[in-house]
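Engineer: Before anything else, here's the structure in question.
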Amino acid sequence: MAETHTDHRGWEIDFSTRQSVHPSTRYVPFRLAAATTAANLITLNPRTRPASNWVTNPRLSGTDISMFTPIGLTTSNTDIERSTAQQSLGTHSLLVSPTGAADAEGTEGFYWTTPTIGLSHTKSQQIIAQCAVRGYSISGTPKVKIEIRNAAGTTVLATSADHTLQADDWDETISVAYSVPQSTAAAAYRVYVVTATTTHAIDWYTDKIMVELREDDATVETYLDGDVDQNCEWQGTTGASPSIRKPTMGMIRGIQIRNESLTAAELVYVSFDSVATVPADLTVTSTGVAVLPNHSNFATSVFESTYPLGYTDKISFISASGTPTVSGVIWGTHYA
């Protein structure tokens, strides 16, 4: 049944005393051009879920690569190495150099070992692994895949589809998930990135390596490490420890916005949880708050909220004329 006016209490947020005095725990800085078509400065929904990455050197920013063990290459790490030739994110990736011997597929590449995953009698635990790959050069149709195996590496528990390497672009997300059955004894697992064809002599790059344990579902999250954005952080040494992503902003509690334009006609209108509009003239009401340009006709070009706000959807903005630049910061909380 459609809602009626009697449902209005559910349309509002009644803050508790605790919420009303809660300090801001999230922020989003911005600097971008407004336009005469409304756009969003920030959209809160859908929110990014909390996530973690257990891999301690996930985009090879650190010099220590001993957490990655080569297989089927040589007895040392000489056939996997940090490289600056290609990178999906940052400055380095892991260069893997298979021998091209007529081995069975899945026998050349490298693996990473998870921490011990404890026994659970009540919840299914999902191991989710992903990475980005790119070929060095292409001859034929070389393929790689990502797998989850047991602690000894002798049993494949889950495998991705085969991914054909490209020399001119990254395959940004190859992924695999394994659901650890309830009451499985505590154990570690191995995550392999390996050849998916029997003869494969094409070098490839691996980057943005992420392994996560979840208890809700097996959705592959957007890659994270402690340097990705302001909601991510390392749990120890930068580039050499696990990392987390906190949930993104759930409620807007404040804003400071500056109109950097020097042109008197380039007013910007800002609206909360609705779409900003420009009034046709002074007799028509806009849905937005006017942010005046940095022009001598006006006393200030900054709008800053004085009291805590409580918006949970978006901030919309629009320019009355031209494409003035606006800059500032949005403050908020992790709860909605």
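In the structure tokens, chains take letters A, B, ... by order of appearance, with residues numbered from 1 within each chain and ligands from 1 in the order shown.
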With only C-alpha atoms as the counted atoms, please give the residues lying no more than 8 Å from Thr248 (chain A), apart from itself and same-chain residues fewer than 4 positions off, as a PyMOL selection string.

Structural biologist: chain A and resi 26+44+47-49+231+334

Engineer: For the residues selected in the previous step, produce a file with C-alpha atoms as a PDB file, in the first residue's frame.

Structural biologist:
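Contents of out.pdb, as written:
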ATOM      1  CA  ARG A  26      34.000  10.677   8.068  1.00  0.00           C
ATOM      2  CA  LEU A  44      25.685   8.171   0.289  1.00  0.00           C
ATOM      3  CA  ARG A  47      27.311   2.615   0.982  1.00  0.00           C
ATOM      4  CA  THR A  48      30.615   0.789   0.680  1.00  0.00           C
ATOM      5  CA  ARG A  49      30.661  -2.157   3.062  1.00  0.00           C
ATOM      6  CA  ASN A 231      38.328   5.348   4.695  1.00  0.00           C
ATOM      7  CA  HIS A 334      29.709   6.290   9.922  1.00  0.00           C
TER       8      HIS A 334
END

Engineer: Which polymer residues have any atom within 6 Å of an atom of region 175-185 of chain A, counting only C-alpha atoms, with same-chain residues fewer than 5 positions away left out, as number ranges by chain?

Structural biologist: A: 119-121, 124-130, 158-160

Engineer: For the residues in the current selection, export N, CA and C atoms as a tab-separated table (two decimals), in the first residue's frame.

Structural biologist:
chain	number	residue	atom	x	y	z
A	119	LEU	N	37.91	-22.68	13.46
A	119	LEU	CA	36.72	-23.52	13.33
A	119	LEU	C	35.48	-22.71	13.68
A	120	SER	N	34.41	-22.90	12.92
A	120	SER	CA	33.12	-22.27	13.22
A	120	SER	C	32.02	-23.31	13.10
A	121	HIS	N	31.23	-23.46	14.16
A	121	HIS	CA	30.11	-24.40	14.14
A	121	HIS	C	28.83	-23.74	13.65
A	124	SER	N	29.08	-20.03	8.02
A	124	SER	CA	29.92	-20.34	6.86
A	124	SER	C	30.91	-19.20	6.67
A	125	GLN	N	32.14	-19.54	6.40
A	125	GLN	CA	33.19	-18.53	6.21
A	125	GLN	C	33.62	-18.55	4.75
A	126	GLN	N	33.60	-17.38	4.13
A	126	GLN	CA	33.91	-17.28	2.71
A	126	GLN	C	35.32	-16.71	2.53
A	127	ILE	N	36.20	-17.47	1.89
A	127	ILE	CA	37.51	-16.95	1.50
A	127	ILE	C	37.35	-16.39	0.08
A	128	ILE	N	37.64	-15.12	-0.09
A	128	ILE	CA	37.47	-14.46	-1.39
A	128	ILE	C	38.81	-13.88	-1.80
A	129	ALA	N	39.29	-14.28	-2.96
A	129	ALA	CA	40.60	-13.83	-3.45
A	129	ALA	C	40.45	-13.18	-4.82
A	130	GLN	N	41.24	-12.16	-5.06
A	130	GLN	CA	41.19	-11.47	-6.35
A	130	GLN	C	42.54	-10.85	-6.66
A	158	ALA	N	38.63	-24.39	-5.01
A	158	ALA	CA	37.83	-23.50	-5.85
A	158	ALA	C	38.75	-22.87	-6.88
A	159	THR	N	38.23	-22.63	-8.07
A	159	THR	CA	39.05	-22.04	-9.13
A	159	THR	C	38.23	-21.05	-9.94
A	160	SER	N	38.89	-20.05	-10.47
A	160	SER	CA	38.23	-19.08	-11.33
A	160	SER	C	38.13	-19.63	-12.75

Engineer: At a cut-off of 10 Å, using only C-alpha atoms, what residues contact Tyr335 (chain A)? Leave out same-chain residues fewer than 4 positions from it and give the result as a list in words.

Structural biologist: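 What passes the distance filter is Gln19, His22, Thr25, Arg26, Pro247, Thr248, Met249, Gly250, Met251, Ile252 and Thr312 of chain A.
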
Engineer: Just the residues within 9 Å of Phe68 (chain A), please, counting only C-alpha atoms, with nothing from its chain fewer than 4 positions along; format it as a PyMOL selection string.

Structural biologist: chain A and resi 77+80+110-113

Engineer: Please provide the set of residues having any atom within 6 Å of region 268-281 of chain A, restricted to only C-alpha atoms, with same-chain residues fewer than 6 positions apart removed, written as a ChimeraX atom specification.

Structural biologist: /A:287-291,313-320

Engineer: Keeping only N, CA and C atoms, write those residues as a PDB file, in the first residue's frame.

Structural biologist:
ATOM      1  N   THR A 287      15.391  25.272  -4.654  1.00  0.00           N
ATOM      2  CA  THR A 287      15.511  24.201  -3.665  1.00  0.00           C
ATOM      3  C   THR A 287      16.857  24.245  -2.954  1.00  0.00           C
ATOM      4  N   GLY A 288      17.758  25.099  -3.431  1.00  0.00           N
ATOM      5  CA  GLY A 288      19.108  25.114  -2.896  1.00  0.00           C
ATOM      6  C   GLY A 288      19.463  26.378  -2.139  1.00  0.00           C
ATOM      7  N   VAL A 289      20.572  26.278  -1.396  1.00  0.00           N
ATOM      8  CA  VAL A 289      21.164  27.418  -0.696  1.00  0.00           C
ATOM      9  C   VAL A 289      22.163  28.071  -1.638  1.00  0.00           C
ATOM     10  N   ALA A 290      22.095  29.381  -1.780  1.00  0.00           N
ATOM     11  CA  ALA A 290      22.985  30.086  -2.701  1.00  0.00           C
ATOM     12  C   ALA A 290      24.377  30.217  -2.109  1.00  0.00           C
ATOM     13  N   VAL A 291      25.390  29.870  -2.915  1.00  0.00           N
ATOM     14  CA  VAL A 291      26.789  30.102  -2.563  1.00  0.00           C
ATOM     15  C   VAL A 291      27.298  31.151  -3.536  1.00  0.00           C
ATOM     16  N   ASP A 313      21.112  11.044   2.173  1.00  0.00           N
ATOM     17  CA  ASP A 313      21.052  10.630   0.774  1.00  0.00           C
ATOM     18  C   ASP A 313      22.140  11.285  -0.067  1.00  0.00           C
ATOM     19  N   LYS A 314      22.118  12.628  -0.190  1.00  0.00           N
ATOM     20  CA  LYS A 314      23.033  13.265  -1.133  1.00  0.00           C
ATOM     21  C   LYS A 314      23.109  14.760  -0.884  1.00  0.00           C
ATOM     22  N   ILE A 315      24.095  15.391  -1.519  1.00  0.00           N
ATOM     23  CA  ILE A 315      24.164  16.841  -1.669  1.00  0.00           C
ATOM     24  C   ILE A 315      24.235  17.117  -3.163  1.00  0.00           C
ATOM     25  N   SER A 316      23.283  17.904  -3.647  1.00  0.00           N
ATOM     26  CA  SER A 316      23.200  18.253  -5.066  1.00  0.00           C
ATOM     27  C   SER A 316      23.649  19.700  -5.250  1.00  0.00           C
ATOM     28  N   PHE A 317      24.253  20.011  -6.415  1.00  0.00           N
ATOM     29  CA  PHE A 317      24.663  21.387  -6.668  1.00  0.00           C
ATOM     30  C   PHE A 317      24.482  21.730  -8.139  1.00  0.00           C
ATOM     31  N   ILE A 318      24.295  23.022  -8.412  1.00  0.00           N
ATOM     32  CA  ILE A 318      24.059  23.491  -9.770  1.00  0.00           C
ATOM     33  C   ILE A 318      24.521  24.933  -9.880  1.00  0.00           C
ATOM     34  N   SER A 319      24.980  25.317 -11.039  1.00  0.00           N
ATOM     35  CA  SER A 319      25.422  26.687 -11.282  1.00  0.00           C
ATOM     36  C   SER A 319      24.341  27.460 -12.034  1.00  0.00           C
ATOM     37  N   ALA A 320      24.175  28.736 -11.673  1.00  0.00           N
ATOM     38  CA  ALA A 320      23.231  29.593 -12.390  1.00  0.00           C
ATOM     39  C   ALA A 320      23.761  29.959 -13.769  1.00  0.00           C
TER      40      ALA A 320
END

Engineer: Would you mind listing what lies within 9 Å of Val28 (chain A) as a compact mmCIF listing (two decimals) with N, CA and C atoms, in the first residue's frame, with only C-alpha atoms counted and same-chain residues fewer than 6 positions away left out?

Structural biologist:
# COMPACT_ATOMS: atom_id res chain seq x y z
N ILE A 42 28.05 14.57 -3.38
CA ILE A 42 28.25 13.30 -2.69
C ILE A 42 26.94 12.52 -2.75
N GLN A 230 40.52 7.79 2.07
CA GLN A 230 40.56 8.21 3.48
C GLN A 230 39.81 7.26 4.41
N MET A 249 30.58 7.09 4.54
CA MET A 249 29.71 8.00 5.28
C MET A 249 28.25 7.56 5.22
N GLY A 328 35.84 22.46 -1.04
CA GLY A 328 35.50 22.41 0.38
C GLY A 328 35.57 21.02 0.93
N VAL A 329 34.77 20.75 1.96
CA VAL A 329 34.78 19.46 2.62
C VAL A 329 33.38 19.17 3.17
N ILE A 330 33.02 17.90 3.12
CA ILE A 330 31.76 17.43 3.69
C ILE A 330 32.11 16.55 4.88
N TRP A 331 31.45 16.82 6.02
CA TRP A 331 31.68 16.07 7.24
C TRP A 331 30.49 15.16 7.50
N GLY A 332 30.76 14.01 8.12
CA GLY A 332 29.66 13.10 8.41
C GLY A 332 30.04 12.06 9.42

Engineer: Excluding Asn150 (chain A) and any residue of its chain fewer than 6 positions from it, enumerate the residues within 7 Å of it, using only C-alpha atoms, and give them as a PyMOL selection string.

Structural biologist: chain A and resi 156-157+189-190

Engineer: Between CA of Asp162 (chain A) and CA of Lys145 (chain A), what is the distance, to one decimal in Å?

Structural biologist: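 These atoms are spaced 5.1 Å apart.
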
Engineer: At what distance in Å, to one decimal, does CA of Asp168 (chain A) lie from CA of Val144 (chain A)?

Structural biologist: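 These atoms are spaced 16.0 Å apart.
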
Engineer: Write out as a VMD selection string all residues of region 8-207 of chain A that backbone DSSP assigns to strand (DSSP E or B).

Structural biologist: chain A and resid 26 to 33 39 to 43 51 to 53 69 to 71 80 to 83 93 to 96 109 to 113 117 125 to 135 143 to 149 156 to 159 163 to 164 171 to 180 187 190 to 195 204 to 207

Engineer: Please measure the separation of CA of Tyr205 (chain A) and CA of Ser52 (chain A), giving the value in Å to one decimal.

Structural biologist: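 Calculated distance between CA of Tyr205 (chain A) and CA of Ser52 (chain A) is 23.0 Å.
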
Engineer: Using only C-alpha atoms, can you tell me which of A:Asp7, A:Thr197, A:Thr206, A:Ala188 comes closest to Asp171 (chain A)?

Structural biologist: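 When distances to Asp171 (chain A) are compared using only C-alpha atoms, the smallest one comes from A:Thr206.
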
Engineer: From the list A:Gly109, A:Pro242, A:Pro324, A:Gly310, which residue is nearest Leu292 (chain A) when using only C-alpha atoms?

Structural biologist: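 Residue with the minimum atom-to-atom distance to Leu292 (chain A): A:Pro324.
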